[in-house]
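Notes for the one structure printed next.
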Amino acid sequence: MNQDEALLTQLGYKQDLRRAFSRVELFGLSFSIIGVFPSIAGVLIYAVPYGGPVAMIWGTGKWTVCSFFLMSIACAIAEFGSAAPTAGGLYYWTFHYASPRWRNLLSWVVGYTNTIAYAVGVTSVDWACAVSLLAGASIGSDLNYEPTTAHTFGVFAALVLCHIMITSLSTFALARLQGLYITLNILLFLDQWLCVYSEFPLTALDRRCVAPAHFDQSVIGHPTDCPSGGFDSSVHISEEASNASYAVPFATISSPLVAVILGWGINVAIAFCMGTDLESIVANPINQPLATIFFNSFGKKGTLAVWSIVVVVQFIMGASILTASSRQMWAFSRDGALPFSKFLYRLNSRTHTPVYSVCAAGSIAILVGVLVFAGPVATSAIFSAAVVGQYVGLSIPILCRLFGGREWVPGVFSLGKFGVPVSVVAVLWMIFGTVVLSFPNDPGPTPQDMNYTALVIGGWIFLCLAYYFFPVYGGMYWFKGPVSNLKATVEDSSSSVNVEEKEISVRTK
């Protein structure tokens, strides 16, 4: 039994999955899920109307401030990931550090919230990829083709099915693909800046950096979003990573750190290409602001060359987030929390991967995608709900660590005396982010302009609680938190031991 298997045994589980991810490959998957360029491309439709290039250049101060707080979340999760690197992640930590009175309920809510947040994340990423792909088709047809919602949904569903097939590959194959993912992300960043430099010489860039005389300070509040999700993605792959107690915190911290640095440069580059006619960018038949910006700056051939890489990177992002989503679902099923858990927990005999969980996660993503037919308000709610759901799931285990009364035993990565203050800052920032993402974009919104994110998240939590407290069949009657799948004793090999009886005893070596 190696070090990783011994640690997993201490956490109450046997080694089911094969470990093939190195530290760098785990970083690659986490970085792909953050998907800084695809994420900016997907949400640019919200940044362009609210400030445009001025906000994106002068709003970099906000980007820097946001990055500081986001890194506090990454550091807090990295400590958990080093101390208890299990695919269950958030709900496992919640159960372990919560008070005995609340641990079952909180673990249940966090597990279900994490499950749906990742499924919605798959929907968001693949929908954005479908929009980008059809934007390329529109450009290639000289704007004669204008995608409809039905067309976009069809492409979206096809993308999810492709990702199901990719994510069902062996762990070894998925790990080796990460090198390609990292390379393409870096090439996309460099390619964009080379295009900008060739189109706008340095002297022109200097003039564009000067704020106009009528600059409005209020637009600083509306630049594109910082990378704001997927902090626990590497944790869900921890049972497939070598030297997990080191690899997980490395990936958890390094991936958002690289993303915020590259993201700043991407924002600046886009602002240089944008121009001043924001209305034409938003209303263009291409139906994708970033593709429109590139088309106006580089023409048809130049845009298609760059945009093809954008679509490929978005496609990679979708495959990566489905990988994390399926592993989280598999872990939650291992503890019997989901319907059809015995089925979802099964591993494919050839690939030794949770193919059934992959199919289930992809199917949920497609079902959530049907909501886009309700209009752009529903689409916006899907994007925001994915982030808010992540924040809810991330906040609860951190709060349980702070107030649950359980002794904190760090892993090989530890913030030491800074652990508690960093955790407090992380929780406060996520509360703030949840409130902001739940507000409408404009004061006095109409039903068409209203932000329904709070309704979506609140409705989901209500369903979780209803299922938990449902008479006779509810989770309160049978869910006991994470349950060990180790054999308790030689005499009674069929018995299972609740993980609450086990201590997380990772020590720095």
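Lettering and numbering for the structure tokens are positional, with chains as A, B, ... in the shown order, residues counted from 1 in each chain, and ligands counted from 1 in the shown order.
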(request) Would you list, as a PyMOL selection string, the residues of segment 159-406 of chain A that end up in alpha helix (DSSP H) under DSSP run on this structure's backbone? (result) chain A and resi 159-167+171-199+202-208+233-236+244-274+278-283+289-334+341-344+355-369+376-403
(message) At a cut-off of 10 Å, using only C-alpha atoms, what residues contact Ser242 of chain A? Leave out same-chain residues fewer than 5 positions from it and give the result as a ChimeraX atom specification.
(response) /A:2-5,18-23,26,247-248
Quick one: write out the picked residues with C-alpha atoms as a short mmCIF file (atom, residue, chain, number, x, y, z; two decimals), in the first residue's frame?
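Generated output (selection-v4.cif):
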data_model
loop_
_atom_site.label_atom_id
_atom_site.label_comp_id
_atom_site.auth_asym_id
_atom_site.auth_seq_id
_atom_site.Cartn_x
_atom_site.Cartn_y
_atom_site.Cartn_z
CA ASN A 2 1.53 3.32 -1.10
CA GLN A 3 1.22 6.68 0.64
CA ASP A 4 -1.87 7.77 -1.33
CA GLU A 5 -3.73 4.54 -0.63
CA ARG A 18 -6.53 4.40 -10.90
CA ARG A 19 -4.02 7.13 -10.10
CA ALA A 20 -2.52 8.59 -13.28
CA PHE A 21 -2.63 12.39 -12.84
CA SER A 22 0.67 14.08 -12.05
CA ARG A 23 0.88 17.42 -10.28
CA LEU A 26 -3.94 18.06 -12.24
CA ALA A 247 -0.75 17.75 -5.98
CA VAL A 248 -4.20 18.97 -4.92
#
(message) As an exercise, work out the distance from atom CA of Pro471 of chain A to atom CA of Thr113 of chain A in Å and give it to one decimal place.
(response) 21.5 Å
(request) Go through A:Ser32, A:Thr171, A:Ser99, A:Thr152 and flag the residue nearest Ser234 of chain A, using only C-alpha atoms for the distances. (result) A:Ser32
(message) Need to verify the contact set: Ile77 of chain A, 10 Å, only C-alpha atoms, exclusion of same-chain residues closer than 6 positions in sequence. Can you return it as a VMD selection string?
(response) chain A and resid 71 83 89 to 90 231 to 232 235 248 to 249 252 to 253 394 to 395 397 to 398 423 426
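Closest approach to Ala360 of chain A among A:Ala378, A:Trp127, A:Leu399, A:Ala119 is made by A:Ala119 (distances from only C-alpha atoms).
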Near segment 133-144 of chain A, 9 Å: segment 241-325 of chain A residue rows, closest pairs, only C-alpha atoms, as CSV:
residue,atom,partner,partner_atom,distance
A:Pro285,CA,A:Leu143,CA,6.8
A:Ile286,CA,A:Ala135,CA,5.1
A:Asn287,CA,A:Ala135,CA,6.4
A:Gln288,CA,A:Ala135,CA,6.1
A:Ala291,CA,A:Ala135,CA,6.8
A:Thr292,CA,A:Ala135,CA,8.5
A:Phe295,CA,A:Ile139,CA,7.7
A:Lys300,CA,A:Ile139,CA,6.5
A:Lys301,CA,A:Gly140,CA,8.5
A:Thr303,CA,A:Ile139,CA,8.2
A:Leu304,CA,A:Gly136,CA,6.5
A:Trp307,CA,A:Gly136,CA,6.9
A:Ser308,CA,A:Gly136,CA,7.6
A:Val311,CA,A:Leu133,CA,6.1
(message) Need the shell around segment 364-373 of chain A: protein/DNA/RNA residues with any atom at most 7 Å away, counting only C-alpha atoms. Skip same-chain ones fewer than 2 positions apart. Format as an MDAnalysis selection string?
(response) chainID A and resid 119:120 122:123 149 157 360:362 375:376 378:379
(request) Name all residues at most 10 Å from Tyr92 of chain A (count only C-alpha atoms; drop same-chain ones fewer than 2 positions away) and give them as a list in words. (result) Leu11, Ala84, Pro85, Thr86, Ala87, Gly88, Gly89, Leu90, Thr94, Phe95, His96, Tyr97, Arg103, Ser107, Trp108, Val110, Gly111, Ala331, Phe332, Asp335, Pro397, Gly481, Pro482, Val483, Val499 and Glu500 of chain A
Emit the selected residues as a tab-separated table (two decimals), in the first residue's frame, including C-alpha atoms.
chain	number	residue	atom	x	y	z
A	11	LEU	CA	-10.25	8.73	5.32
A	84	ALA	CA	-8.31	15.16	3.24
A	85	PRO	CA	-7.86	14.59	-0.52
A	86	THR	CA	-10.98	12.61	-1.37
A	87	ALA	CA	-13.24	12.85	-4.41
A	88	GLY	CA	-16.16	13.74	-2.15
A	89	GLY	CA	-14.49	16.98	-1.20
A	90	LEU	CA	-16.88	19.58	0.17
A	94	THR	CA	-18.56	19.45	6.01
A	95	PHE	CA	-19.53	16.22	7.75
A	96	HIS	CA	-16.16	15.85	9.43
A	97	TYR	CA	-15.95	19.39	10.85
A	103	ARG	CA	-23.44	17.26	10.23
A	107	SER	CA	-23.38	17.33	4.43
A	108	TRP	CA	-26.56	16.45	2.52
A	110	VAL	CA	-23.58	20.65	0.42
A	111	GLY	CA	-23.41	17.38	-1.50
A	331	ALA	CA	-18.20	9.96	-4.71
A	332	PHE	CA	-21.62	11.11	-3.46
A	335	ASP	CA	-21.92	7.15	0.20
A	397	PRO	CA	-17.27	23.45	5.08
A	481	GLY	CA	-22.92	11.02	6.03
A	482	PRO	CA	-19.83	9.56	4.37
A	483	VAL	CA	-19.71	5.81	4.93
A	499	VAL	CA	-16.43	7.88	8.62
A	500	GLU	CA	-17.18	10.00	11.69
(request) In Å, rounded to a single decimal, give me how far atom CA of Pro289 of chain A is from atom CA of Gly433 of chain A. (result) 24.5 Å
(message) With distances taken over only C-alpha atoms, which residue among A:Leu7, A:Cys162, A:Ala251, A:Ile457 lies nearest Ser233 of chain A?
(response) A:Ala251
(message) When you count only C-alpha atoms, which of these residues is closest to Pro354 of chain A: A:Lys480, A:Val36, A:Asn185, A:Ser168?
(response) A:Ser168
(request) Using only C-alpha atoms, determine which residues lie at most 10 Å from Asn348 of chain A, disregarding the query and same-chain residues fewer than 5 positions distant; provide the list as a ChimeraX atom specification. (result) /A:168-170,353-356
(request) For Gly318 of chain A, list every protein, DNA or RNA residue within 6 Å, evaluated using only C-alpha atoms, and leave out those in the same chain fewer than 2 positions away; present the list as a ChimeraX atom specification. (result) /A:125-126,315-316,320-321
